[in-house]
file work.pdb (PDB, C-alpha atoms, pLDDT in the B column)
ATOM      1  CA  MET J  24     114.664-146.672-208.666  1.00 93.00           C
ATOM      2  CA  ILE J  25     117.537-146.796-206.183  1.00 96.00           C
ATOM      3  CA  ILE J  26     119.986-143.897-206.110  1.00 97.00           C
ATOM      4  CA  LEU J  27     123.386-144.264-204.462  1.00 98.00           C
ATOM      5  CA  GLY J  28     124.526-140.819-203.379  1.00 97.00           C
ATOM      6  CA  ILE J  29     128.242-140.507-202.731  1.00 96.00           C
ATOM      7  CA  ASP J  30     130.358-137.883-200.962  1.00 93.00           C
ATOM      8  CA  PRO J  31     133.810-138.893-202.189  1.00 92.00           C
ATOM      9  CA  GLY J  32     136.898-138.683-200.025  1.00 90.00           C
ATOM     10  CA  LEU J  33     140.062-140.648-199.469  1.00 91.00           C
ATOM     11  CA  ASN J  34     139.770-140.778-195.670  1.00 93.00           C
ATOM     12  CA  ASN J  35     135.980-140.951-195.479  1.00 94.00           C
ATOM     13  CA  THR J  36     133.569-141.604-198.321  1.00 95.00           C
ATOM     14  CA  GLY J  37     129.975-141.085-197.322  1.00 95.00           C
ATOM     15  CA  TYR J  38     127.230-142.991-199.062  1.00 96.00           C
ATOM     16  CA  GLY J  39     123.466-143.011-198.894  1.00 95.00           C
ATOM     17  CA  LEU J  40     120.946-145.168-200.708  1.00 96.00           C
ATOM     18  CA  VAL J  41     117.571-143.657-201.445  1.00 95.00           C
ATOM     19  CA  GLU J  42     114.704-145.527-203.048  1.00 94.00           C
ATOM     20  CA  LEU J  43     112.303-143.581-205.207  1.00 88.00           C
ATOM     21  CA  ASP J  44     108.877-145.149-205.662  1.00 84.00           C
ATOM     22  CA  SER J  45     106.432-142.941-207.565  1.00 77.00           C
ATOM     23  CA  ASP J  46     107.082-139.554-205.954  1.00 71.00           C
ATOM     24  CA  CYS J  47     107.887-140.989-202.543  1.00 82.00           C
ATOM     25  CA  HIS J  48     111.461-141.516-201.405  1.00 84.00           C
ATOM     26  CA  ARG J  49     112.842-143.440-198.481  1.00 90.00           C
ATOM     27  CA  LEU J  50     116.225-143.998-196.900  1.00 92.00           C
ATOM     28  CA  ILE J  51     117.484-147.548-197.382  1.00 94.00           C
ATOM     29  CA  GLU J  52     120.999-147.429-195.946  1.00 92.00           C
ATOM     30  CA  ALA J  53     123.719-144.884-195.241  1.00 93.00           C
ATOM     31  CA  GLY J  54     127.238-145.004-193.901  1.00 94.00           C
ATOM     32  CA  VAL J  55     130.888-144.190-194.346  1.00 95.00           C
ATOM     33  CA  ILE J  56     133.686-146.140-195.984  1.00 96.00           C
ATOM     34  CA  ARG J  57     136.867-145.308-194.063  1.00 96.00           C
ATOM     35  CA  THR J  58     140.521-145.751-194.934  1.00 95.00           C
ATOM     36  CA  LYS J  59     143.542-145.221-192.707  1.00 95.00           C
ATOM     37  CA  ALA J  60     145.863-142.348-193.546  1.00 94.00           C
ATOM     38  CA  SER J  61     148.817-144.430-192.379  1.00 97.00           C
ATOM     39  CA  LYS J  62     148.361-146.916-195.226  1.00 97.00           C
ATOM     40  CA  PRO J  63     149.821-146.471-198.725  1.00 96.00           C
ATOM     41  CA  LEU J  64     147.641-144.750-201.325  1.00 94.00           C
ATOM     42  CA  GLU J  65     147.152-147.908-203.385  1.00 95.00           C
ATOM     43  CA  THR J  66     145.920-149.818-200.326  1.00 97.00           C
ATOM     44  CA  ARG J  67     143.490-147.054-199.419  1.00 97.00           C
ATOM     45  CA  LEU J  68     142.119-146.891-202.956  1.00 97.00           C
ATOM     46  CA  ALA J  69     141.652-150.673-202.948  1.00 97.00           C
ATOM     47  CA  GLU J  70     139.784-150.442-199.632  1.00 97.00           C
ATOM     48  CA  LEU J  71     137.568-147.702-201.057  1.00 97.00           C
ATOM     49  CA  TYR J  72     136.907-149.800-204.151  1.00 97.00           C
ATOM     50  CA  ASN J  73     136.078-152.910-202.106  1.00 98.00           C
ATOM     51  CA  GLY J  74     133.790-150.998-199.751  1.00 97.00           C
ATOM     52  CA  LEU J  75     131.834-149.303-202.490  1.00 97.00           C
ATOM     53  CA  GLU J  76     131.645-152.467-204.575  1.00 97.00           C
ATOM     54  CA  GLU J  77     130.207-154.301-201.564  1.00 98.00           C
ATOM     55  CA  VAL J  78     127.520-151.633-201.093  1.00 97.00           C
ATOM     56  CA  SER J  79     126.751-151.622-204.807  1.00 97.00           C
ATOM     57  CA  ASN J  80     126.534-155.407-205.053  1.00 97.00           C
ATOM     58  CA  GLU J  81     124.279-155.662-202.011  1.00 97.00           C
ATOM     59  CA  PHE J  82     121.785-152.920-202.902  1.00 97.00           C
ATOM     60  CA  LYS J  83     121.985-152.870-206.730  1.00 97.00           C
ATOM     61  CA  PRO J  84     121.547-149.116-207.289  1.00 98.00           C
ATOM     62  CA  ASP J  85     120.232-147.900-210.622  1.00 97.00           C
ATOM     63  CA  VAL J  86     122.398-144.761-210.614  1.00 97.00           C
ATOM     64  CA  PHE J  87     125.235-143.129-208.701  1.00 97.00           C
ATOM     65  CA  ALA J  88     124.895-139.425-207.798  1.00 97.00           C
ATOM     66  CA  ILE J  89     128.137-137.737-206.863  1.00 94.00           C
ATOM     67  CA  GLU J  90     129.367-134.243-206.159  1.00 87.00           C
ATOM     68  CA  GLU J  91     131.504-132.778-208.947  1.00 85.00           C
ATOM     69  CA  LEU J  92     135.163-132.248-208.239  1.00 76.00           C
ATOM     70  CA  TYR J  93     135.867-128.791-206.928  1.00 69.00           C
ATOM     71  CA  SER J  94     139.388-127.518-206.557  1.00 63.00           C
ATOM     72  CA  HIS J  95     140.909-124.350-205.284  1.00 63.00           C
ATOM     73  CA  TYR J  96     144.177-123.128-206.717  1.00 66.00           C
ATOM     74  CA  ASN J  97     145.607-122.882-203.200  1.00 72.00           C
ATOM     75  CA  HIS J  98     145.061-126.638-202.666  1.00 69.00           C
ATOM     76  CA  PRO J  99     145.935-128.501-205.880  1.00 78.00           C
ATOM     77  CA  LYS J 100     147.039-131.632-203.988  1.00 81.00           C
ATOM     78  CA  THR J 101     143.545-131.996-202.517  1.00 79.00           C
ATOM     79  CA  ALA J 102     142.061-131.979-206.013  1.00 79.00           C
ATOM     80  CA  VAL J 103     144.462-134.697-207.162  1.00 86.00           C
ATOM     81  CA  ILE J 104     143.677-136.886-204.142  1.00 85.00           C
ATOM     82  CA  MET J 105     139.936-136.362-204.701  1.00 85.00           C
ATOM     83  CA  GLY J 106     140.459-137.277-208.342  1.00 88.00           C
ATOM     84  CA  HIS J 107     141.933-140.614-207.281  1.00 92.00           C
ATOM     85  CA  ALA J 108     138.957-141.349-205.015  1.00 92.00           C
ATOM     86  CA  ARG J 109     136.429-140.285-207.681  1.00 93.00           C
ATOM     87  CA  GLY J 110     138.216-142.451-210.246  1.00 94.00           C
ATOM     88  CA  VAL J 111     137.751-145.497-208.040  1.00 96.00           C
ATOM     89  CA  LEU J 112     134.066-144.687-207.567  1.00 95.00           C
ATOM     90  CA  PHE J 113     133.586-144.306-211.317  1.00 96.00           C
ATOM     91  CA  LEU J 114     135.386-147.617-211.845  1.00 97.00           C
ATOM     92  CA  VAL J 115     132.942-149.427-209.556  1.00 97.00           C
ATOM     93  CA  ALA J 116     130.043-147.880-211.457  1.00 97.00           C
ATOM     94  CA  GLY J 117     131.583-148.610-214.853  1.00 97.00           C
ATOM     95  CA  LYS J 118     132.278-152.253-214.097  1.00 96.00           C
ATOM     96  CA  SER J 119     128.646-152.686-213.050  1.00 95.00           C
ATOM     97  CA  GLU J 120     127.330-150.581-215.947  1.00 97.00           C
ATOM     98  CA  ILE J 121     125.685-148.112-213.571  1.00 97.00           C
ATOM     99  CA  PRO J 122     125.358-144.543-214.890  1.00 97.00           C
ATOM    100  CA  VAL J 123     126.991-141.785-212.854  1.00 96.00           C
ATOM    101  CA  PHE J 124     125.541-138.295-212.538  1.00 96.00           C
ATOM    102  CA  SER J 125     127.779-135.516-211.210  1.00 94.00           C
ATOM    103  CA  TYR J 126     126.356-132.346-209.721  1.00 94.00           C
ATOM    104  CA  PRO J 127     128.050-129.131-208.589  1.00 91.00           C
ATOM    105  CA  ALA J 128     127.950-128.557-204.837  1.00 89.00           C
ATOM    106  CA  THR J 129     125.885-125.405-205.335  1.00 89.00           C
ATOM    107  CA  MET J 130     123.238-127.354-207.279  1.00 93.00           C
ATOM    108  CA  ILE J 131     123.091-130.030-204.589  1.00 92.00           C
ATOM    109  CA  LYS J 132     122.629-127.434-201.855  1.00 91.00           C
ATOM    110  CA  LYS J 133     120.061-125.459-203.838  1.00 91.00           C
ATOM    111  CA  SER J 134     117.972-128.532-204.644  1.00 88.00           C
ATOM    112  CA  LEU J 135     117.756-129.335-200.959  1.00 86.00           C
ATOM    113  CA  THR J 136     117.630-125.967-199.205  1.00 85.00           C
ATOM    114  CA  GLY J 137     116.742-123.456-201.910  1.00 86.00           C
ATOM    115  CA  SER J 138     120.172-121.803-201.580  1.00 82.00           C
ATOM    116  CA  GLY J 139     123.308-122.825-203.442  1.00 85.00           C
ATOM    117  CA  HIS J 140     125.396-121.371-200.632  1.00 87.00           C
ATOM    118  CA  ALA J 141     123.756-123.194-197.727  1.00 89.00           C
ATOM    119  CA  SER J 142     125.989-124.296-194.879  1.00 86.00           C
ATOM    120  CA  LYS J 143     126.741-127.928-194.063  1.00 84.00           C
ATOM    121  CA  GLU J 144     124.524-127.510-191.009  1.00 87.00           C
ATOM    122  CA  GLN J 145     121.581-126.369-193.152  1.00 89.00           C
ATOM    123  CA  VAL J 146     122.049-129.331-195.492  1.00 88.00           C
ATOM    124  CA  ALA J 147     122.238-131.720-192.531  1.00 86.00           C
ATOM    125  CA  SER J 148     119.101-130.200-191.024  1.00 86.00           C
ATOM    126  CA  MET J 149     117.161-130.703-194.258  1.00 89.00           C
ATOM    127  CA  ILE J 150     118.389-134.307-194.563  1.00 88.00           C
ATOM    128  CA  LYS J 151     117.308-135.057-191.007  1.00 86.00           C
ATOM    129  CA  ARG J 152     113.864-133.540-191.629  1.00 85.00           C
ATOM    130  CA  THR J 153     113.436-135.249-194.989  1.00 86.00           C
ATOM    131  CA  PHE J 154     114.135-138.688-193.567  1.00 85.00           C
ATOM    132  CA  ASN J 155     112.662-138.066-190.085  1.00 80.00           C
ATOM    133  CA  CYS J 156     115.945-138.766-188.339  1.00 75.00           C
ATOM    134  CA  ASN J 157     116.234-135.602-186.244  1.00 64.00           C
ATOM    135  CA  GLU J 158     117.422-137.508-183.209  1.00 56.00           C
ATOM    136  CA  MET J 159     120.262-139.223-185.036  1.00 58.00           C
ATOM    137  CA  ASN J 160     123.820-137.913-185.007  1.00 63.00           C
ATOM    138  CA  VAL J 161     124.450-138.129-188.752  1.00 74.00           C
ATOM    139  CA  GLN J 162     127.947-137.378-190.043  1.00 83.00           C
ATOM    140  CA  ALA J 163     128.490-134.673-192.672  1.00 85.00           C
ATOM    141  CA  ASP J 164     129.878-137.300-195.076  1.00 89.00           C
ATOM    142  CA  VAL J 165     126.547-139.133-194.909  1.00 91.00           C
ATOM    143  CA  THR J 166     124.329-136.048-195.138  1.00 91.00           C
ATOM    144  CA  ASP J 167     126.326-134.805-198.140  1.00 92.00           C
ATOM    145  CA  ALA J 168     125.921-138.186-199.855  1.00 94.00           C
ATOM    146  CA  LEU J 169     122.180-138.223-199.191  1.00 93.00           C
ATOM    147  CA  ALA J 170     121.959-134.655-200.467  1.00 94.00           C
ATOM    148  CA  ALA J 171     123.564-135.775-203.751  1.00 95.00           C
ATOM    149  CA  ALA J 172     120.979-138.561-204.064  1.00 95.00           C
ATOM    150  CA  LEU J 173     118.095-136.153-203.411  1.00 93.00           C
ATOM    151  CA  CYS J 174     119.583-133.679-205.882  1.00 93.00           C
ATOM    152  CA  HIS J 175     119.451-136.384-208.524  1.00 95.00           C
ATOM    153  CA  ILE J 176     115.781-136.978-207.772  1.00 92.00           C
ATOM    154  CA  ALA J 177     115.057-133.247-208.014  1.00 89.00           C
ATOM    155  CA  HIS J 178     117.151-132.864-211.172  1.00 85.00           C
ATOM    156  CA  GLU J 179     115.319-135.720-212.857  1.00 80.00           C
ATOM    157  CA  GLY J 180     112.049-133.828-212.304  1.00 56.00           C
ATOM    158  CA  ARG J 181     110.694-135.908-209.466  1.00 53.00           C
ATOM    159  CA  GLY J 182     110.659-133.688-206.485  1.00 48.00           C
ATOM    160  CA  GLY J 183     111.953-130.127-206.845  1.00 45.00           C
ATOM    161  CA  VAL J 184     113.308-128.527-203.700  1.00 45.00           C
ATOM    162  CA  PHE J 185     112.860-130.717-200.637  1.00 42.00           C
TER     163      PHE J 185
END

call {"tool": "encode", "arguments": {"input": "work.pdb", "output": "structure tokens"}}
result
Amino acid sequence: MIILGIDPGLNNTGYGLVELDSDCHRLIEAGVIRTKASKPLETRLAELYNGLEEVSNEFKPDVFAIEELYSHYNHPKTAVIMGHARGVLFLVAGKSEIPVFSYPATMIKKSLTGSGHASKEQVASMIKRTFNCNEMNVQADVTDALAAALCHIAHEGRGGVF
């Protein structure tokens, strides 16, 4: 099974592909799809769509794992922008008939670190240890995407806390 973990964003969307074979998992590919803030929204959404579709077509994931939308009443515009980006990601999955699993940020963190309130640094540290990439400078967008993929594995009963 190949899980495509996604950390959605309009500027930077992190992605990470994890292959699960029996109870062993390995990192296949990870990166960031970037858009330029100076471009119109519709252009940026098209770039996000094209980038994710390219990743999906190349690696043929079985599922997408994505962080649920979280919004704070002080920042409603952020939630709307994130909704646009998530909509594009769901469209890519829907057109390819790939199921999407959404997880709250606290569940993702807890499945990886044992604490639903872990810091980004703690999540990144666990990702680096899990995939033996301690020497790499891995962006938060990528570690968050990989954390979503590992959360899916744990949630499906194939790994518990990493």

call {"tool": "closest_residue", "arguments": {"input": "work.pdb", "among": "J:Ala172, J:Val115, J:Leu135, J:Ile29", "to": "J:Glu77", "atoms": "all atoms listed in the file"}}
result
J:Val115

call {"tool": "atom_distance", "arguments": {"input": "work.pdb", "atom1": "atom CA of J:Gln145", "atom2": "atom CA of J:Asp44"}}
result
25.9 Å

call {"tool": "resolve_selection", "arguments": {"input": "work.pdb", "expression": "the PyMOL selection byres ((chain J and resi 53-68) around 8)", "output": "PDB file with C-alpha atoms, in the coordinates of the input"}}
result
ATOM      1  CA  LEU J  33     140.062-140.648-199.469  1.00 91.00           C
ATOM      2  CA  ASN J  34     139.770-140.778-195.670  1.00 93.00           C
ATOM      3  CA  ASN J  35     135.980-140.951-195.479  1.00 94.00           C
ATOM      4  CA  THR J  36     133.569-141.604-198.321  1.00 95.00           C
ATOM      5  CA  GLY J  37     129.975-141.085-197.322  1.00 95.00           C
ATOM      6  CA  TYR J  38     127.230-142.991-199.062  1.00 96.00           C
ATOM      7  CA  GLY J  39     123.466-143.011-198.894  1.00 95.00           C
ATOM      8  CA  LEU J  40     120.946-145.168-200.708  1.00 96.00           C
ATOM      9  CA  LEU J  50     116.225-143.998-196.900  1.00 92.00           C
ATOM     10  CA  ILE J  51     117.484-147.548-197.382  1.00 94.00           C
ATOM     11  CA  GLU J  52     120.999-147.429-195.946  1.00 92.00           C
ATOM     12  CA  ALA J  69     141.652-150.673-202.948  1.00 97.00           C
ATOM     13  CA  GLU J  70     139.784-150.442-199.632  1.00 97.00           C
ATOM     14  CA  LEU J  71     137.568-147.702-201.057  1.00 97.00           C
ATOM     15  CA  TYR J  72     136.907-149.800-204.151  1.00 97.00           C
ATOM     16  CA  GLY J  74     133.790-150.998-199.751  1.00 97.00           C
ATOM     17  CA  LEU J  75     131.834-149.303-202.490  1.00 97.00           C
ATOM     18  CA  HIS J 107     141.933-140.614-207.281  1.00 92.00           C
ATOM     19  CA  ALA J 108     138.957-141.349-205.015  1.00 92.00           C
ATOM     20  CA  VAL J 111     137.751-145.497-208.040  1.00 96.00           C
ATOM     21  CA  ASP J 164     129.878-137.300-195.076  1.00 89.00           C
ATOM     22  CA  VAL J 165     126.547-139.133-194.909  1.00 91.00           C
ATOM     23  CA  LEU J 169     122.180-138.223-199.191  1.00 93.00           C
TER      24      LEU J 169
END

call {"tool": "atom_distance", "arguments": {"input": "work.pdb", "atom1": "atom CA of J:Asp167", "atom2": "atom CA of J:Asp30"}}
result
5.8 Å

call {"tool": "residues_around", "arguments": {"input": "work.pdb", "residues": "J:Met149", "least_positions_apart": "2", "cutoff": "8 Å", "atoms": "only C-alpha atoms", "output": "ChimeraX atom specification"}}
result
/J:135-136,145-147,151-153,185

call {"tool": "atom_distance", "arguments": {"input": "work.pdb", "atom1": "atom CA of J:Ile131", "atom2": "atom CA of J:Val86"}}
result
15.9 Å

call {"tool": "resolve_selection", "arguments": {"input": "work.pdb", "expression": "the PyMOL selection byres ((chain J and resi 92) around 10)", "output": "PyMOL selection string"}}
result
chain J and resi 31+89-91+93-94+102-103+105-106+109+125-128

call {"tool": "residues_around", "arguments": {"input": "work.pdb", "residues": "J:Glu42", "least_positions_apart": "4", "cutoff": "9 Å", "atoms": "all atoms listed in the file", "output": "list in words"}}
result
Met24, Ile25, Ile26, Leu27, Cys47, His48, Arg49, Leu50, Ile51 and Pro84 of chain J

call {"tool": "closest_residue", "arguments": {"input": "work.pdb", "among": "J:Ser142, J:Lys132, J:Cys156, J:Lys83", "to": "J:Ala171", "atoms": "only C-alpha atoms"}}
result
J:Lys132

call {"tool": "closest_residue", "arguments": {"input": "work.pdb", "among": "J:Ile150, J:Met130, J:Ala141, J:Leu114", "to": "J:Ala168", "atoms": "all atoms listed in the file"}}
result
J:Ile150
